[in-house]
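What follows is a single structure, written as structure tokens, with notes after it.
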Amino acid sequence: MSPPEPTTRMRAEALEAPAAVARLLAADAAAVAALADSLRRDPPRAMLTVARGSSDHAAHYLAYLVMARLGQLVTSLPMSLVTLYPSKLERTGLVSFAFSQSGQSPDLVAPTTHFAAGGARTVAFVNDAASPLARASGTVLALHAGPETSVAATKSYIAQLVAGARLVAQWERHEGLLSALDTLPASLEAATRCDWSAAVAALTDTDRLFVISRGLGLAVAMEAALKFKETCGIQAEAFSGAELRHGPMALVEAGYPLLILAPRGPAQAGLLALAQDMRQRGARVLLAAPHGTPGAELPLVSAGHEDLDPIAVVQSFYLMVEALARARGRNPDAPPFLAKVTRTR
């Protein structure tokens with residue numbers, strides 16, 4: 001019998017994500033429907049996201065979904081426009097979406113308060129429904145992820161992705177996406193069982209890499225690069241597969257490690273072609289793609305709708321990066337110089 005898997009808080013909380021998603025999907029249906037109805041009846045004149053760190057990557061996923069599926073532009077707010085500079089942002093007809101696990105940081109609360117005071121509709125996707133951010137927001141969509149104590153966010157990030165997808169599905173009234181969300185907890189359970197040990201073996205001694213994806217997958221690539229930094233001490237950078245072919249390509253020499261995330265969708269063909277090109281020039285390519293994809297070392301679970309596939313990708317990734325951190329002699333629960341709650345202004 002093999003020894004039991006070592007347990008860190010990061011690993012335990014990542015494994016809780018399927019149950020957390022099930023709780024989220026079972027709660028607040030009326031609030032989500034009411035917000036979606038409001039957005040249909042009174043379409044926003046402008047939309048922006050307010051977030052930092054992992055939460056900003058979840059906001060990126062929501063923004064891409066809204067732009068791709070609903071055809072409306074969404075921008076990411078530089079919070080200093082409110083907290084440091086006297087910018088006169090137009091608030092009439094604005095909808096802001098704030099994302100946070102703790103809801104504590106002043107530079108999320110201040111813009112939300114400022115926008116609400118000017119008549120904007122303000123929405124918070126937040127794990128602590130009693131936090132200052134929640135109190136400042138007109139609509140609170142709680143994540144229902146439960147306590148998250150590891151510094152590295154896992155289940156709260158996954159819950160943010162799901163909460164954003166659920167709002168867009170309701171907003172669009174897309175029955176296929178809504179049905180796929182119902183089966184997502186089972187897809188995430190399957191994703192926890194994917195064998196990504198090849199990545200641990202390949203990256204234990206590396207000090208740099210690129211994480212590549214595109215479209216909806218880029219939000220997960222950004223999150224993966226952050227987790228490599230904070231839990232493993234690896235200088236990781238995320239790029240779109242298209243962007244890599246510009247300046248960053250100059251760094252890709254023989255043996256350079258690339259993690260390419262290629263779930264289903266319009267971007268997949270280009271990412272698979274990129275993986276092949278990079279292997280031909282000698283890069284160490286770790287390709288994550290659905291079962292049966294030629295050249296894929298890291299299997300991906302397909303969710304009930306391809307727009308949800310990136311959520312299953314990050315579920316598998318989190319368990320791999322936690323194991324990689326331990327293989328490198330690091331404690332993923334306590335990265336140096338970092339705290340669970342970050343308060344910036």
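Convention: chains lettered A, B, ... in structure tokens order; per-chain residue numbering from 1; ligands numbered from 1 as shown.
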Could you pull out the alpha helix (DSSP H) residues of stretch 255-301 of chain A, going by DSSP on the backbone, and write them as an mmCIF file with N, CA, C and O atoms, in the first residue's frame?
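Wrote it out as part-v5.cif, contents follow:
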data_model
loop_
_atom_site.group_PDB
_atom_site.id
_atom_site.type_symbol
_atom_site.label_atom_id
_atom_site.label_comp_id
_atom_site.auth_asym_id
_atom_site.auth_seq_id
_atom_site.Cartn_x
_atom_site.Cartn_y
_atom_site.Cartn_z
ATOM 1 N N GLN A 268 -7.856 26.482 -29.206
ATOM 2 C CA GLN A 268 -7.089 25.251 -28.992
ATOM 3 C C GLN A 268 -6.169 24.901 -30.159
ATOM 4 O O GLN A 268 -5.004 24.542 -29.955
ATOM 5 N N ALA A 269 -6.668 25.007 -31.392
ATOM 6 C CA ALA A 269 -5.858 24.601 -32.545
ATOM 7 C C ALA A 269 -4.552 25.385 -32.602
ATOM 8 O O ALA A 269 -3.477 24.824 -32.851
ATOM 9 N N GLY A 270 -4.631 26.686 -32.363
ATOM 10 C CA GLY A 270 -3.422 27.492 -32.391
ATOM 11 C C GLY A 270 -2.457 27.140 -31.277
ATOM 12 O O GLY A 270 -1.232 27.176 -31.468
ATOM 13 N N LEU A 271 -2.986 26.792 -30.110
ATOM 14 C CA LEU A 271 -2.121 26.413 -28.991
ATOM 15 C C LEU A 271 -1.434 25.079 -29.247
ATOM 16 O O LEU A 271 -0.258 24.895 -28.902
ATOM 17 N N LEU A 272 -2.143 24.141 -29.861
ATOM 18 C CA LEU A 272 -1.523 22.859 -30.199
ATOM 19 C C LEU A 272 -0.428 23.051 -31.244
ATOM 20 O O LEU A 272 0.641 22.423 -31.167
ATOM 21 N N ALA A 273 -0.682 23.927 -32.215
ATOM 22 C CA ALA A 273 0.350 24.208 -33.225
ATOM 23 C C ALA A 273 1.553 24.881 -32.573
ATOM 24 O O ALA A 273 2.712 24.582 -32.921
ATOM 25 N N LEU A 274 1.308 25.759 -31.633
ATOM 26 C CA LEU A 274 2.406 26.418 -30.916
ATOM 27 C C LEU A 274 3.232 25.402 -30.143
ATOM 28 O O LEU A 274 4.474 25.465 -30.142
ATOM 29 N N ALA A 275 2.572 24.462 -29.486
ATOM 30 C CA ALA A 275 3.293 23.431 -28.741
ATOM 31 C C ALA A 275 4.217 22.644 -29.664
ATOM 32 O O ALA A 275 5.374 22.366 -29.314
ATOM 33 N N GLN A 276 3.723 22.295 -30.833
ATOM 34 C CA GLN A 276 4.545 21.555 -31.787
ATOM 35 C C GLN A 276 5.735 22.392 -32.254
ATOM 36 O O GLN A 276 6.875 21.906 -32.323
ATOM 37 N N ASP A 277 5.487 23.667 -32.558
ATOM 38 C CA ASP A 277 6.564 24.553 -33.006
ATOM 39 C C ASP A 277 7.648 24.697 -31.935
ATOM 40 O O ASP A 277 8.846 24.666 -32.233
ATOM 41 N N MET A 278 7.222 24.861 -30.695
ATOM 42 C CA MET A 278 8.185 25.057 -29.617
ATOM 43 C C MET A 278 8.989 23.784 -29.345
ATOM 44 O O MET A 278 10.172 23.857 -29.006
ATOM 45 N N ARG A 279 8.368 22.639 -29.483
ATOM 46 C CA ARG A 279 9.126 21.387 -29.335
ATOM 47 C C ARG A 279 10.171 21.255 -30.431
ATOM 48 O O ARG A 279 11.289 20.785 -30.190
ATOM 49 N N GLN A 280 9.838 21.697 -31.623
ATOM 50 C CA GLN A 280 10.787 21.588 -32.733
ATOM 51 C C GLN A 280 11.996 22.491 -32.519
ATOM 52 O O GLN A 280 13.093 22.185 -33.006
#
Contacts of stretch 258-343 of chain A with stretch 195-207 of chain A up to 10 Å, shortest pair per row, only C-alpha atoms, as CSV:
residue,atom,partner,partner_atom,distance
A:Leu258,CA,A:Leu203,CA,9.9
A:Leu259,CA,A:Ala199,CA,8.5
A:Arg284,CA,A:Ala202,CA,8.4
A:Val285,CA,A:Ala202,CA,9.6
A:Leu286,CA,A:Ala199,CA,6.8
A:Leu287,CA,A:Ala199,CA,9.4
A:Ala288,CA,A:Trp196,CA,8.8
A:Glu297,CA,A:Ala198,CA,6.9
A:Leu298,CA,A:Trp196,CA,5.3
A:Pro299,CA,A:Asp195,CA,7.0
A:Leu300,CA,A:Asp195,CA,9.3
A:Ser316,CA,A:Trp196,CA,7.5
A:Phe317,CA,A:Trp196,CA,7.7
A:Leu319,CA,A:Trp196,CA,8.4
A:Met320,CA,A:Trp196,CA,5.9
A:Val321,CA,A:Val200,CA,7.5
A:Glu322,CA,A:Val200,CA,9.4
A:Ala323,CA,A:Val200,CA,7.0
A:Leu324,CA,A:Val200,CA,5.1
A:Ala325,CA,A:Thr204,CA,8.2
A:Arg326,CA,A:Thr204,CA,9.3
A:Ala327,CA,A:Thr204,CA,6.4
A:Arg328,CA,A:Thr204,CA,5.8
A:Gly329,CA,A:Thr204,CA,9.6
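The spacing separating atom CA of A:Cys194 from atom CA of A:Gly295 amounts to 16.1 Å.
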Considering only C-alpha atoms, give me a table of residues in stretch 8-58 of chain A that are at most 10 Å from stretch 78-82 of chain A, with the closest atom pair and distance in Å for each, as a Markdown table.
| residue | atom | partner | partner_atom | distance |
| --- | --- | --- | --- | --- |
| A:Leu48 | CA | A:Pro78 | CA | 9.9 |
| A:Thr49 | CA | A:Pro78 | CA | 9.3 |
| A:Val50 | CA | A:Met79 | CA | 7.2 |
| A:Ala51 | CA | A:Met79 | CA | 8.5 |
| A:Arg52 | CA | A:Met79 | CA | 9.4 |
Could you dump the residues just selected with all heavy atoms as a PDB file, in the first residue's frame?
ATOM      1  N   LEU A  48     -16.806  47.714 -15.532  1.00  0.00           N
ATOM      2  CA  LEU A  48     -15.413  47.521 -15.155  1.00  0.00           C
ATOM      3  C   LEU A  48     -15.313  46.526 -14.016  1.00  0.00           C
ATOM      4  O   LEU A  48     -16.285  46.241 -13.316  1.00  0.00           O
ATOM      5  CB  LEU A  48     -14.743  48.853 -14.780  1.00  0.00           C
ATOM      6  CG  LEU A  48     -15.411  49.765 -13.746  1.00  0.00           C
ATOM      7  CD1 LEU A  48     -15.187  49.274 -12.326  1.00  0.00           C
ATOM      8  CD2 LEU A  48     -14.844  51.180 -13.894  1.00  0.00           C
ATOM      9  N   THR A  49     -14.119  45.966 -13.855  1.00  0.00           N
ATOM     10  CA  THR A  49     -13.841  45.047 -12.763  1.00  0.00           C
ATOM     11  C   THR A  49     -12.864  45.699 -11.792  1.00  0.00           C
ATOM     12  O   THR A  49     -12.022  46.515 -12.181  1.00  0.00           O
ATOM     13  CB  THR A  49     -13.256  43.717 -13.275  1.00  0.00           C
ATOM     14  OG1 THR A  49     -12.017  43.963 -13.952  1.00  0.00           O
ATOM     15  CG2 THR A  49     -14.235  43.023 -14.219  1.00  0.00           C
ATOM     16  N   VAL A  50     -13.004  45.309 -10.521  1.00  0.00           N
ATOM     17  CA  VAL A  50     -12.173  45.847  -9.447  1.00  0.00           C
ATOM     18  C   VAL A  50     -11.614  44.653  -8.683  1.00  0.00           C
ATOM     19  O   VAL A  50     -12.361  43.929  -8.012  1.00  0.00           O
ATOM     20  CB  VAL A  50     -13.004  46.742  -8.500  1.00  0.00           C
ATOM     21  CG1 VAL A  50     -12.118  47.360  -7.428  1.00  0.00           C
ATOM     22  CG2 VAL A  50     -13.752  47.820  -9.278  1.00  0.00           C
ATOM     23  N   ALA A  51     -10.318  44.411  -8.773  1.00  0.00           N
ATOM     24  CA  ALA A  51      -9.752  43.204  -8.147  1.00  0.00           C
ATOM     25  C   ALA A  51      -8.236  43.264  -8.188  1.00  0.00           C
ATOM     26  O   ALA A  51      -7.647  44.030  -8.963  1.00  0.00           O
ATOM     27  CB  ALA A  51     -10.233  41.948  -8.862  1.00  0.00           C
ATOM     28  N   ARG A  52      -7.622  42.418  -7.358  1.00  0.00           N
ATOM     29  CA  ARG A  52      -6.169  42.238  -7.372  1.00  0.00           C
ATOM     30  C   ARG A  52      -5.832  40.751  -7.221  1.00  0.00           C
ATOM     31  O   ARG A  52      -6.642  39.966  -6.721  1.00  0.00           O
ATOM     32  CB  ARG A  52      -5.494  43.019  -6.248  1.00  0.00           C
ATOM     33  CG  ARG A  52      -5.494  44.525  -6.435  1.00  0.00           C
ATOM     34  CD  ARG A  52      -4.343  45.187  -5.707  1.00  0.00           C
ATOM     35  NE  ARG A  52      -4.410  46.642  -5.750  1.00  0.00           N
ATOM     36  CZ  ARG A  52      -3.997  47.387  -6.760  1.00  0.00           C
ATOM     37  NH1 ARG A  52      -3.479  46.819  -7.831  1.00  0.00           N
ATOM     38  NH2 ARG A  52      -4.073  48.705  -6.703  1.00  0.00           N
TER      39      ARG A  52
END
A:Val168 surroundings by only C-alpha atoms, 8 Å radius, close-in-sequence under 5 positions cut, as a PyMOL selection string | chain A and resi 36+62+65-66
